[in-house]
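Trainee: This one is target12.pdb, PDB, C-alpha atoms.
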ATOM      1  CA  MET A1030      80.763 121.446  28.947
ATOM      2  CA  THR A1031      81.617 124.851  30.427
ATOM      3  CA  ARG A1032      78.997 126.669  32.504
ATOM      4  CA  ILE A1033      79.060 130.034  34.265
ATOM      5  CA  LEU A1034      76.769 130.038  37.295
ATOM      6  CA  GLU A1035      76.166 131.871  40.567
ATOM      7  CA  ARG A1036      77.343 129.572  43.344
ATOM      8  CA  THR A1037      78.232 129.546  47.038
ATOM      9  CA  VAL A1038      81.693 128.008  47.296
ATOM     10  CA  MET A1039      82.833 126.224  50.443
ATOM     11  CA  PHE A1040      86.292 125.076  51.490
ATOM     12  CA  ALA A1041      86.654 122.973  54.622
ATOM     13  CA  ASP A1042      89.916 121.915  56.229
ATOM     14  CA  LEU A1043      90.740 119.553  59.082
ATOM     15  CA  ARG A1044      93.332 120.978  61.440
ATOM     16  CA  GLY A1045      95.413 118.595  63.499
ATOM     17  CA  SER A1046      95.454 115.917  60.819
ATOM     18  CA  THR A1047      99.081 116.358  59.738
ATOM     19  CA  GLY A1048     100.457 115.475  63.166
ATOM     20  CA  LEU A1049      98.461 112.237  63.196
ATOM     21  CA  TYR A1050     100.807 110.635  60.688
ATOM     22  CA  GLU A1051     103.682 111.120  63.131
ATOM     23  CA  THR A1052     101.838 110.032  66.274
ATOM     24  CA  LEU A1053      99.602 107.249  64.910
ATOM     25  CA  GLY A1054     101.517 105.986  61.891
ATOM     26  CA  ASN A1055     100.474 106.140  58.257
ATOM     27  CA  ALA A1056      97.843 103.401  58.272
ATOM     28  CA  GLU A1057      95.793 104.549  61.268
ATOM     29  CA  ALA A1058      96.148 108.262  60.431
ATOM     30  CA  THR A1059      94.968 107.648  56.864
ATOM     31  CA  SER A1060      91.972 105.729  58.173
ATOM     32  CA  VAL A1061      91.032 108.518  60.620
ATOM     33  CA  VAL A1062      91.382 111.295  58.049
ATOM     34  CA  THR A1063      89.586 109.545  55.191
ATOM     35  CA  HIS A1064      86.737 108.440  57.473
ATOM     36  CA  THR A1065      86.309 111.971  58.831
ATOM     37  CA  VAL A1066      86.457 113.648  55.419
ATOM     38  CA  GLY A1067      83.991 111.079  54.113
ATOM     39  CA  ALA A1068      81.571 111.953  56.917
ATOM     40  CA  LEU A1069      81.890 115.650  56.051
ATOM     41  CA  CYS A1070      81.254 114.914  52.364
ATOM     42  CA  SER A1071      78.073 113.027  53.276
ATOM     43  CA  THR A1072      76.930 116.008  55.324
ATOM     44  CA  VAL A1073      77.474 118.326  52.346
ATOM     45  CA  ALA A1074      75.417 116.065  50.085
ATOM     46  CA  ALA A1075      72.635 115.804  52.678
ATOM     47  CA  HIS A1076      72.205 119.594  52.523
ATOM     48  CA  GLY A1077      72.036 119.893  48.759
ATOM     49  CA  GLY A1078      75.701 120.609  48.102
ATOM     50  CA  HIS A1079      78.029 119.068  45.540
ATOM     51  CA  VAL A1080      81.541 118.025  46.566
ATOM     52  CA  VAL A1081      83.797 119.189  43.747
ATOM     53  CA  LYS A1082      86.868 117.468  45.146
ATOM     54  CA  THR A1083      88.534 116.293  48.312
ATOM     55  CA  LEU A1084      91.888 117.806  49.251
ATOM     56  CA  GLY A1085      93.581 115.196  51.426
ATOM     57  CA  ASP A1086      92.367 116.503  54.777
ATOM     58  CA  GLY A1087      89.682 118.805  53.413
ATOM     59  CA  LEU A1088      87.149 119.384  50.670
ATOM     60  CA  MET A1089      85.747 121.885  48.216
ATOM     61  CA  ALA A1090      82.003 122.041  47.594
ATOM     62  CA  VAL A1091      79.469 124.269  45.838
ATOM     63  CA  PHE A1092      75.850 125.067  46.663
ATOM     64  CA  ASP A1093      73.055 126.644  44.664
ATOM     65  CA  ARG A1094      71.753 128.653  47.621
ATOM     66  CA  PRO A1095      73.614 130.264  50.554
ATOM     67  CA  GLN A1096      71.134 128.809  53.065
ATOM     68  CA  GLN A1097      72.121 125.301  52.012
ATOM     69  CA  ALA A1098      75.795 126.137  52.577
ATOM     70  CA  LEU A1099      75.188 127.645  56.020
ATOM     71  CA  ASP A1100      73.071 124.680  57.108
ATOM     72  CA  ALA A1101      75.791 122.346  55.844
ATOM     73  CA  ALA A1102      78.495 124.254  57.770
ATOM     74  CA  ASP A1103      76.508 123.938  61.005
ATOM     75  CA  ALA A1104      75.954 120.240  60.376
ATOM     76  CA  MET A1105      79.627 119.650  59.523
ATOM     77  CA  HIS A1106      80.755 121.159  62.823
ATOM     78  CA  ASP A1107      78.199 118.982  64.625
ATOM     79  CA  THR A1108      79.384 115.920  62.711
ATOM     80  CA  LEU A1109      83.006 116.518  63.680
ATOM     81  CA  ALA A1110      82.046 117.214  67.306
ATOM     82  CA  ARG A1111      80.350 113.805  67.476
ATOM     83  CA  LEU A1112      83.393 112.105  65.978
ATOM     84  CA  VAL A1113      85.761 113.908  68.346
ATOM     85  CA  SER A1114      83.635 112.883  71.328
ATOM     86  CA  ARG A1115      84.180 109.265  70.320
ATOM     87  CA  GLY A1116      87.949 109.692  70.616
ATOM     88  CA  GLY A1117      87.845 108.618  74.255
ATOM     89  CA  GLU A1118      85.717 105.541  73.663
ATOM     90  CA  ARG A1119      87.190 102.099  73.773
ATOM     91  CA  GLY A1120      88.306 100.918  70.367
ATOM     92  CA  ALA A1121      88.166 104.413  68.812
ATOM     93  CA  SER A1122      91.309 106.123  67.582
ATOM     94  CA  SER A1123      92.682 108.687  70.008
ATOM     95  CA  GLY A1124      93.605 110.773  66.961
ATOM     96  CA  LEU A1125      90.013 111.909  66.643
ATOM     97  CA  ARG A1126      90.345 114.082  69.747
ATOM     98  CA  GLY A1127      92.844 116.415  68.092
ATOM     99  CA  LEU A1128      90.813 117.247  64.996
ATOM    100  CA  ARG A1129      89.346 120.717  64.414
ATOM    101  CA  LEU A1130      87.407 122.117  61.469
ATOM    102  CA  GLN A1131      87.798 125.387  59.567
ATOM    103  CA  VAL A1132      85.269 126.491  56.949
ATOM    104  CA  GLY A1133      85.458 129.371  54.469
ATOM    105  CA  MET A1134      82.631 130.394  52.139
ATOM    106  CA  ALA A1135      82.231 132.957  49.375
ATOM    107  CA  ARG A1136      79.552 133.577  46.759
ATOM    108  CA  GLY A1137      79.878 134.774  43.207
ATOM    109  CA  GLU A1138      80.136 133.819  39.559
ATOM    110  CA  VAL A1139      81.850 130.473  39.111
ATOM    111  CA  VAL A1140      83.107 128.789  35.944
ATOM    112  CA  GLU A1141      82.357 125.057  36.011
ATOM    113  CA  MET A1142      84.593 123.147  33.621
ATOM    114  CA  ALA A1143      85.801 119.555  33.414
ATOM    115  CA  GLY A1144      84.480 118.702  36.867
ATOM    116  CA  ASP A1145      86.232 121.599  38.589
ATOM    117  CA  CYS A1146      85.334 125.199  39.466
ATOM    118  CA  TYR A1147      87.215 128.437  38.901
ATOM    119  CA  GLY A1148      86.696 132.095  39.718
ATOM    120  CA  ASP A1149      87.266 134.816  42.291
ATOM    121  CA  ALA A1150      84.756 133.284  44.729
ATOM    122  CA  VAL A1151      86.745 130.043  44.657
ATOM    123  CA  ASN A1152      90.002 131.847  45.445
ATOM    124  CA  VAL A1153      88.434 133.933  48.212
ATOM    125  CA  ALA A1154      86.803 130.939  49.927
ATOM    126  CA  ALA A1155      90.114 129.069  49.908
ATOM    127  CA  ARG A1156      92.066 132.036  51.337
ATOM    128  CA  LEU A1157      89.549 132.549  54.141
ATOM    129  CA  LEU A1158      90.823 129.337  55.732
ATOM    130  CA  GLU A1159      94.088 131.125  56.554
ATOM    131  CA  HIS A1160      92.167 133.517  58.816
ATOM    132  CA  ALA A1161      89.804 131.023  60.454
ATOM    133  CA  GLY A1162      90.407 129.681  63.932
ATOM    134  CA  ASP A1163      89.581 126.189  65.096
ATOM    135  CA  ASN A1164      85.926 125.249  64.554
ATOM    136  CA  GLU A1165      85.192 128.617  62.929
ATOM    137  CA  THR A1166      83.234 129.422  59.775
ATOM    138  CA  LEU A1167      84.102 132.612  57.893
ATOM    139  CA  VAL A1168      81.876 133.927  55.098
ATOM    140  CA  THR A1169      81.919 136.913  52.764
ATOM    141  CA  ALA A1170      79.252 139.614  52.710
ATOM    142  CA  GLU A1171      77.897 138.191  49.436
ATOM    143  CA  VAL A1172      76.900 134.982  51.222
ATOM    144  CA  LEU A1173      74.714 137.006  53.594
ATOM    145  CA  GLN A1174      72.844 138.947  50.922
ATOM    146  CA  GLY A1175      69.168 138.134  51.154
ATOM    147  CA  PHE A1176      69.350 137.020  54.777
ATOM    148  CA  ALA A1177      67.532 139.056  57.386
ATOM    149  CA  GLY A1178      66.789 139.254  61.080
ATOM    150  CA  GLU A1179      67.383 135.983  62.863
ATOM    151  CA  HIS A1180      69.960 134.660  60.410
ATOM    152  CA  ARG A1181      72.033 137.851  60.312
ATOM    153  CA  ARG A1182      72.189 138.000  64.100
ATOM    154  CA  ARG A1183      74.240 134.816  64.056
ATOM    155  CA  PHE A1184      77.095 136.614  62.308
ATOM    156  CA  ARG A1185      79.759 138.889  63.733
ATOM    157  CA  ASP A1186      81.293 141.433  61.372
ATOM    158  CA  LEU A1187      85.094 141.115  61.200
ATOM    159  CA  ASP A1188      85.326 144.103  58.839
ATOM    160  CA  ARG A1189      87.525 144.052  55.740
ATOM    161  CA  ILE A1190      90.382 141.551  55.727
ATOM    162  CA  ARG A1191      93.272 141.425  53.276
ATOM    163  CA  LEU A1192      93.638 137.985  51.735
ATOM    164  CA  ARG A1193      96.879 136.605  50.347
ATOM    165  CA  GLY A1194      97.277 137.225  46.633
ATOM    166  CA  ARG A1195      94.305 139.591  46.398
ATOM    167  CA  ALA A1196      94.654 143.356  45.987
ATOM    168  CA  GLU A1197      91.284 144.392  47.419
ATOM    169  CA  PRO A1198      90.300 143.487  51.004
ATOM    170  CA  VAL A1199      87.174 141.404  51.546
ATOM    171  CA  GLN A1200      84.299 142.010  53.958
ATOM    172  CA  VAL A1201      84.237 138.962  56.231
ATOM    173  CA  HIS A1202      81.756 137.701  58.834
ATOM    174  CA  LEU A1203      82.181 135.033  61.510
ATOM    175  CA  LEU A1204      79.349 132.535  61.972
ATOM    176  CA  SER A1205      78.511 132.159  65.656
ATOM    177  CA  LYS A1206      77.978 128.752  67.145
ATOM    178  CA  THR A1207      74.405 127.603  67.632
ATOM    179  CA  GLY A1208      75.102 126.650  71.242
ATOM    180  CA  PRO A1209      76.165 128.872  74.139
ATOM    181  CA  PRO A1210      79.252 130.977  73.411
ATOM    182  CA  ASP A1211      82.619 129.808  74.630
ATOM    183  CA  GLU A1212      83.729 131.313  77.905
ATOM    184  CA  GLN A1213      86.569 133.764  77.523
ATOM    185  CA  THR A1214      89.894 132.635  78.918
ATOM    186  CA  THR A1215      91.784 135.217  80.946
ATOM    187  CA  GLN A1216      94.628 135.035  83.384
ATOM    188  CA  PHE A1217      92.422 136.457  86.138
ATOM    189  CA  GLY A1218      89.147 134.678  85.420
ATOM    190  CA  ASP A1219      86.071 136.776  84.656
ATOM    191  CA  VAL A1220      86.908 140.384  83.959
ATOM    192  CA  PRO A1221      84.069 142.902  84.324
ATOM    193  CA  PRO A1222      83.328 144.883  81.166
ATOM    194  CA  PRO A1223      85.455 148.031  81.304
ATOM    195  CA  GLU A1224      84.740 151.464  79.925
ATOM    196  CA  GLU A1225      84.963 151.275  76.143
ATOM    197  CA  PRO A1226      88.617 151.838  75.187
ATOM    198  CA  GLN A1227      89.897 154.217  72.560
ATOM    199  CA  GLY A1228      92.002 151.614  70.818
ATOM    200  CA  LEU A1229      94.899 149.201  71.010
ATOM    201  CA  ARG A1230      98.627 149.872  70.646
ATOM    202  CA  LEU A1231     100.909 147.130  69.283
ATOM    203  CA  THR A1232     104.697 147.364  69.306
ATOM    204  CA  TRP A1233     107.298 145.024  67.809
ATOM    205  CA  LEU A1234     110.909 146.257  67.894
ATOM    206  CA  ASP A1235     110.664 149.829  66.514
ATOM    207  CA  HIS A1236     107.378 149.128  64.699
ATOM    208  CA  CYS A1237     104.439 150.706  66.577
ATOM    209  CA  ARG A1238     100.824 151.032  65.443
ATOM    210  CA  GLU A1239      97.618 152.180  67.096
ATOM    211  CA  PHE A1240      94.294 150.683  65.989
ATOM    212  CA  ASP A1241      90.884 152.054  66.911
ATOM    213  CA  LEU A1242      87.782 149.871  67.150
ATOM    214  CA  HIS A1243      86.744 150.634  63.573
ATOM    215  CA  GLN A1244      90.033 149.259  62.217
ATOM    216  CA  LEU A1245      89.577 145.802  63.677
ATOM    217  CA  PRO A1246      90.135 142.946  63.152
ATOM    218  CA  VAL A1247      93.919 143.126  63.155
ATOM    219  CA  VAL A1248      95.836 140.138  61.801
ATOM    220  CA  LEU A1249      99.338 139.627  63.202
ATOM    221  CA  GLY A1250     101.595 137.625  60.926
ATOM    222  CA  ARG A1251     104.581 137.358  58.633
ATOM    223  CA  SER A1252     102.559 138.042  55.482
ATOM    224  CA  PRO A1253     102.982 141.535  53.970
ATOM    225  CA  GLN A1254      99.170 141.605  53.777
ATOM    226  CA  ALA A1255      98.865 141.256  57.558
ATOM    227  CA  SER A1256      97.471 144.307  59.348
ATOM    228  CA  PHE A1257     100.449 144.192  61.719
ATOM    229  CA  CYS A1258     103.378 142.565  59.933
ATOM    230  CA  VAL A1259     105.958 140.745  62.078
ATOM    231  CA  ASP A1260     108.680 139.704  59.649
ATOM    232  CA  ASP A1261     110.194 136.780  61.520
ATOM    233  CA  SER A1262     110.624 133.209  60.272
ATOM    234  CA  ARG A1263     109.099 131.799  63.470
ATOM    235  CA  VAL A1264     105.837 133.633  62.827
ATOM    236  CA  SER A1265     103.084 132.163  60.623
ATOM    237  CA  ARG A1266     101.797 134.157  57.667
ATOM    238  CA  SER A1267      98.538 134.731  59.558
ATOM    239  CA  HIS A1268      99.548 133.970  63.124
ATOM    240  CA  ALA A1269      96.852 135.554  65.294
ATOM    241  CA  ARG A1270      93.817 137.808  65.039
ATOM    242  CA  ILE A1271      92.581 140.548  67.356
ATOM    243  CA  ASP A1272      88.981 141.720  67.118
ATOM    244  CA  TRP A1273      86.419 143.491  69.292
ATOM    245  CA  HIS A1274      83.614 141.372  70.706
ATOM    246  CA  SER A1275      81.453 141.371  73.840
ATOM    247  CA  GLY A1276      83.059 144.578  75.088
ATOM    248  CA  ALA A1277      86.664 143.340  74.932
ATOM    249  CA  PHE A1278      89.625 142.901  72.611
ATOM    250  CA  GLN A1279      89.846 139.203  71.813
ATOM    251  CA  LEU A1280      93.048 137.531  70.659
ATOM    252  CA  THR A1281      92.634 134.316  68.654
ATOM    253  CA  ASP A1282      95.526 132.016  67.759
ATOM    254  CA  LEU A1283      95.559 130.965  64.079
ATOM    255  CA  SER A1284      99.002 129.352  64.001
ATOM    256  CA  PHE A1285     100.619 125.941  64.203
ATOM    257  CA  ASN A1286     103.157 126.933  66.875
ATOM    258  CA  GLY A1287     100.798 128.736  69.231
ATOM    259  CA  THR A1288     100.379 132.208  70.670
ATOM    260  CA  TYR A1289     101.283 133.100  74.258
ATOM    261  CA  VAL A1290     100.111 135.986  76.432
ATOM    262  CA  ARG A1291     101.535 137.445  79.626
ATOM    263  CA  PHE A1292      99.732 140.314  81.363
ATOM    264  CA  GLY A1293     102.451 141.237  83.856
ATOM    265  CA  ALA A1294     105.819 140.223  85.237
ATOM    266  CA  GLU A1295     104.216 138.386  88.158
ATOM    267  CA  THR A1296     101.631 136.453  86.158
ATOM    268  CA  GLU A1297     101.832 133.103  84.446
ATOM    269  CA  VAL A1298     102.034 132.766  80.690
ATOM    270  CA  LEU A1299      98.711 131.923  79.059
ATOM    271  CA  SER A1300      99.076 129.469  76.170
ATOM    272  CA  LEU A1301      96.619 129.688  73.282
ATOM    273  CA  ARG A1302      96.478 126.716  70.974
ATOM    274  CA  ARG A1303      93.745 127.688  68.541
ATOM    275  CA  GLY A1304      92.059 129.314  71.501
ATOM    276  CA  THR A1305      90.935 132.838  72.386
ATOM    277  CA  CYS A1306      91.571 135.153  75.297
ATOM    278  CA  ALA A1307      90.518 138.673  76.237
ATOM    279  CA  LEU A1308      93.238 141.340  76.248
ATOM    280  CA  HIS A1309      93.087 143.873  79.051
ATOM    281  CA  GLY A1310      95.525 146.423  80.420
ATOM    282  CA  SER A1311      98.936 145.790  78.900
ATOM    283  CA  GLY A1312     101.324 142.904  78.409
ATOM    284  CA  VAL A1313     103.192 140.896  75.825
ATOM    285  CA  ILE A1314     102.198 138.450  73.107
ATOM    286  CA  GLY A1315     104.654 135.716  72.166
ATOM    287  CA  LEU A1316     104.262 134.546  68.570
ATOM    288  CA  GLY A1317     105.338 130.941  68.139
ATOM    289  CA  ALA A1318     107.092 130.732  71.521
ATOM    290  CA  SER A1319     106.527 131.687  75.139
ATOM    291  CA  PRO A1320     107.795 135.119  76.221
ATOM    292  CA  LEU A1321     109.909 133.212  78.768
ATOM    293  CA  ASP A1322     111.807 131.267  76.092
ATOM    294  CA  MET A1323     115.171 132.328  74.720
ATOM    295  CA  SER A1324     114.856 135.072  72.078
ATOM    296  CA  PRO A1325     111.087 134.871  71.540
ATOM    297  CA  THR A1326     109.243 137.032  69.021
ATOM    298  CA  ILE A1327     107.350 139.432  71.281
ATOM    299  CA  VAL A1328     104.653 141.959  70.451
ATOM    300  CA  ARG A1329     103.782 144.356  73.245
ATOM    301  CA  PHE A1330     100.160 145.431  73.574
ATOM    302  CA  GLU A1331      98.420 148.185  75.468
ATOM    303  CA  VAL A1332      94.679 148.828  75.671
ATOM    304  CA  LEU A1333      94.305 152.590  75.245
ATOM    305  CA  ARG A1334      91.824 154.463  77.381
ATOM    306  CA  PRO A1335      90.426 157.845  76.295
ATOM    307  CA  HIS A1336      93.018 159.672  78.409
ATOM    308  CA  ALA A1337      95.938 157.610  77.089
ATOM    309  CA  THR A1338      96.305 159.456  73.772
ATOM    310  CA  THR A1339      95.357 162.839  72.468
ATOM    311  CA  PRO A1340      93.876 163.640  69.049
ATOM    312  CA  SER A1341      97.088 165.369  68.041
ATOM    313  CA  SER A1342      99.344 162.467  68.986
ATOM    314  CA  ALA A1343      97.056 159.905  67.368
ATOM    315  CA  ALA A1344      96.895 161.935  64.181
ATOM    316  CA  GLY A1345     100.655 161.984  63.944
ATOM    317  CA  ARG A1346     100.939 158.219  63.773
ATOM    318  CA  PRO A1347     101.032 156.276  60.489
ATOM    319  CA  ALA A1348      97.762 154.865  59.221
ATOM    320  CA  ALA A1349      97.056 151.391  60.584
ATOM    321  CA  ARG A1350      95.997 149.996  57.223
ATOM    322  CA  ALA A1351      97.590 150.294  53.835
TER     323      ALA A1351
END
Output the file's structure in the form of structure tokens.
Mentor:
Amino acid sequence: MTRILERTVMFADLRGSTGLYETLGNAEATSVVTHTVGALCSTVAAHGGHVVKTLGDGLMAVFDRPQQALDAADAMHDTLARLVSRGGERGASSGLRGLRLQVGMARGEVVEMAGDCYGDAVNVAARLLEHAGDNETLVTAEVLQGFAGEHRRRFRDLDRIRLRGRAEPVQVHLLSKTGPPDEQTTQFGDVPPPEEPQGLRLTWLDHCREFDLHQLPVVLGRSPQASFCVDDSRVSRSHARIDWHSGAFQLTDLSFNGTYVRFGAETEVLSLRRGTCALHGSGVIGLGASPLDMSPTIVRFEVLRPHATTPSSAAGRPAARA
């Protein structure tokens, strides 16, 4: 029977699972992944969701109400955190320690047919995973409709993001963790909040763009839909994301090969592996390889202060978004 219903669609994906088959062998890796996905499926069911299907190292689920989906996402991150913490225990597989969870959610009209689900919300939720960092939950604006006050304060607006295969950008929000926020990683430790900058300049070869705060987040990647396209085979389709949070530009690695930052010639290279750091001053970003390696793909960045550009010079630059 075919039904058309309003649903909140969730996709969840385990990062770090593919490498387990190489390091642990097929038998142990399969056991770790299936056990972990099974625990996540149980968490979905406990919060009123229905698992439509498992996807090897992930799952797709639907919920009647957005609140059920958000509660399930929180619980799934907690479930994985408990499993990961067991990775150091005697008798537990060390592979657990490398697992991370990404969750994407969208809400809209869904066609339920033959045990599967179809529709724009399904496609959007799946594509959101490409923009999520480790242990992040991204949701569309439709998921937040009806929420107020306390619940909305848990979300950070990432503005409109272009998703692969979709013509129109989507308004996306990041669900904050329930615990204390992660400390920012910088080369120089804690950096006092500076005067609010005018924007950020990114340069790769002869490609230069300036982004103001209202144009963030910026996705750096090989995909033509990326805000700042770096057409190099070593760069992931959505390699890294820059957004504005807590008074600073924050760079988050979204790739498999890592993102590297160097703030000056005399400083060490900061390696981000699904991590985040604050960008300040100027420096270079290595996509997929350290700036010190042979022939790395390097994007130069500069935080622009109000005196750094003039209205006339900024107006003469190409628009930062298509």
Trainee: In terms of the shortest atom-to-atom distance over all atoms listed in the file, which of A:Thr1326, A:Ser1060, A:Gln1200, A:Ser1046 is closest to Phe1285 in chain A?
Mentor: A:Ser1046
Trainee: For range 1237-1247 of chain A, work out the shell of residues within 7 Å, counting all atoms listed in the file and skipping chain neighbours fewer than 2 positions away, then give it as a VMD selection string.
Mentor: chain A and resid 1187 to 1188 1227 to 1233 1235 1249 1256 to 1257 1270 to 1273 1349
Trainee: Go through the shown structure with the PyMOL selection byres ((chain A and resi 1044) around 7) and write out the matching residues as a list in words.
Mentor: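 Checked against the file, the PyMOL selection byres ((chain A and resi 1044) around 7) matches Asp1042, Leu1043, Gly1045, Ser1046, Leu1128, Arg1129 and Leu1130 of chain A.
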Trainee: With all atoms listed in the file as the basis for distance, which of A:Leu1204, A:Val1113, A:Val1038, A:Ala1058 is at the shortest distance from Ala1155 in chain A?
Mentor: A:Val1038
Trainee: Return as a list of chain:residue names the set of residues that the PyMOL selection byres ((chain A and resi 1092) around 9) yields on the displayed structure.
Mentor: A:Arg1036, A:Thr1037, A:Val1038, A:Met1039, A:Val1073, A:His1076, A:Gly1077, A:Gly1078, A:His1079, A:Ala1090, A:Val1091, A:Asp1093, A:Arg1094, A:Pro1095, A:Gln1096, A:Gln1097, A:Ala1098
Trainee: If we count all atoms listed in the file, what is near Cys1258 in chain A at a cut-off of 12 Å, once residues fewer than 3 positions away on the same chain are taken out, given as a PyMOL selection string?
Mentor: chain A and resi 1231-1234+1236-1238+1247-1255+1261-1262+1264-1270+1316+1328+1349-1351
Trainee: What lies within 8 Å of Thr1031 in chain A using all atoms listed in the file, ignoring chain neighbours under 5 positions off, as a PyMOL selection string?
Mentor: chain A and resi 1140-1143
Trainee: Keeping C-alpha atoms for every residue in the selection just given, could you write it to a file as a short mmCIF file (atom, residue, chain, number, x, y, z; two decimals), keeping the file's coordinate frame?
Mentor:
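Result written to part.cif:
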data_model
loop_
_atom_site.label_atom_id
_atom_site.label_comp_id
_atom_site.auth_asym_id
_atom_site.auth_seq_id
_atom_site.Cartn_x
_atom_site.Cartn_y
_atom_site.Cartn_z
CA VAL A 1140 83.11 128.79 35.94
CA GLU A 1141 82.36 125.06 36.01
CA MET A 1142 84.59 123.15 33.62
CA ALA A 1143 85.80 119.56 33.41
#
Trainee: Please expand the PyMOL selection byres ((chain A and resi 1201-1203) around 7) into the concrete residues it hits in this file, giving the result as an MDAnalysis selection string.
Mentor: chainID A and resid 1166:1170 1184:1190 1199:1200 1204:1205
Trainee: With distances taken over only C-alpha atoms, which residue among A:Gly1144, A:Gly1175, A:Gly1310, A:Pro1226 lies nearest Pro1335 in chain A?
Mentor: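 Of the candidates, the smallest distance to Pro1335 in chain A is held by A:Pro1226.
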Trainee: Find the distance between CA of Thr1108 in chain A and CA of Ser1071 in chain A and write it in Å to one decimal.
Mentor: 10.0 Å
Trainee: Do you know which residues are at most 10 Å from Thr1059 in chain A counting only C-alpha atoms, after dropping those on the same chain fewer than 6 positions away, and could you put them as a list in words?
Mentor: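 Using only C-alpha atoms, the neighbours found are Ser1046, Leu1049, Tyr1050, Leu1053, Thr1065, Gly1085 and Asp1086 of chain A.
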Trainee: Using only C-alpha atoms, find all polymer residues with an atom at most 9 Å away from the point (88.6, 115.9, 54.6); report them as a VMD selection string.
Mentor: chain A and resid 1041 to 1043 1062 to 1070 1083 to 1088
Trainee: Limited to C-alpha atoms, could you put the picked residues into a file as a PDB file, keeping the file's coordinate frame?
Mentor:
ATOM      1  CA  ALA A1041      86.654 122.973  54.622  1.00  0.00           C
ATOM      2  CA  ASP A1042      89.916 121.915  56.229  1.00  0.00           C
ATOM      3  CA  LEU A1043      90.740 119.553  59.082  1.00  0.00           C
ATOM      4  CA  VAL A1062      91.382 111.295  58.049  1.00  0.00           C
ATOM      5  CA  THR A1063      89.586 109.545  55.191  1.00  0.00           C
ATOM      6  CA  HIS A1064      86.737 108.440  57.473  1.00  0.00           C
ATOM      7  CA  THR A1065      86.309 111.971  58.831  1.00  0.00           C
ATOM      8  CA  VAL A1066      86.457 113.648  55.419  1.00  0.00           C
ATOM      9  CA  GLY A1067      83.991 111.079  54.113  1.00  0.00           C
ATOM     10  CA  ALA A1068      81.571 111.953  56.917  1.00  0.00           C
ATOM     11  CA  LEU A1069      81.890 115.650  56.051  1.00  0.00           C
ATOM     12  CA  CYS A1070      81.254 114.914  52.364  1.00  0.00           C
ATOM     13  CA  THR A1083      88.534 116.293  48.312  1.00  0.00           C
ATOM     14  CA  LEU A1084      91.888 117.806  49.251  1.00  0.00           C
ATOM     15  CA  GLY A1085      93.581 115.196  51.426  1.00  0.00           C
ATOM     16  CA  ASP A1086      92.367 116.503  54.777  1.00  0.00           C
ATOM     17  CA  GLY A1087      89.682 118.805  53.413  1.00  0.00           C
ATOM     18  CA  LEU A1088      87.149 119.384  50.670  1.00  0.00           C
TER      19      LEU A1088
END
Trainee: Restricting the calculation to only C-alpha atoms: of A:Glu1225, A:Asp1145, A:Asp1322, A:Glu1035, which residue gets closest to Val1081 in chain A?
Mentor: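 For Val1081 in chain A, the nearest of the candidates is A:Asp1145.
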Trainee: What is the CA of Tyr1147 in chain A-CA of Arg1195 in chain A distance in Å, reported with one decimal?
Mentor: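 A separation of 15.2 Å between them.
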Trainee: Could you check how far CA of Asp1260 in chain A sits from CA of Val1290 in chain A, in Å to one decimal?
Mentor: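 Computed distance, CA of Asp1260 in chain A to CA of Val1290 in chain A, equals 19.2 Å.
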Trainee: Please identify all polymer residues within 8 Å of His1160 in chain A, counting all atoms listed in the file, omitting same-chain residues fewer than 2 positions from it, and present them as a compact mmCIF listing (two decimals) with C-alpha atoms, in the frame of the given file.
Mentor:
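Result saved to out_33.txt:
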# COMPACT_ATOMS: atom_id res chain seq x y z
CA ARG A 1156 92.07 132.04 51.34
CA LEU A 1157 89.55 132.55 54.14
CA LEU A 1158 90.82 129.34 55.73
CA GLY A 1162 90.41 129.68 63.93
CA SER A 1267 98.54 134.73 59.56
CA ARG A 1270 93.82 137.81 65.04
CA LEU A 1283 95.56 130.96 64.08
Trainee: Give the answer as one residue: which of A:Arg1303, A:Arg1191, A:His1274, A:Arg1329 has the shortest atom-to-atom distance to Val1259 in chain A, using all atoms listed in the file?
Mentor: A:Arg1329
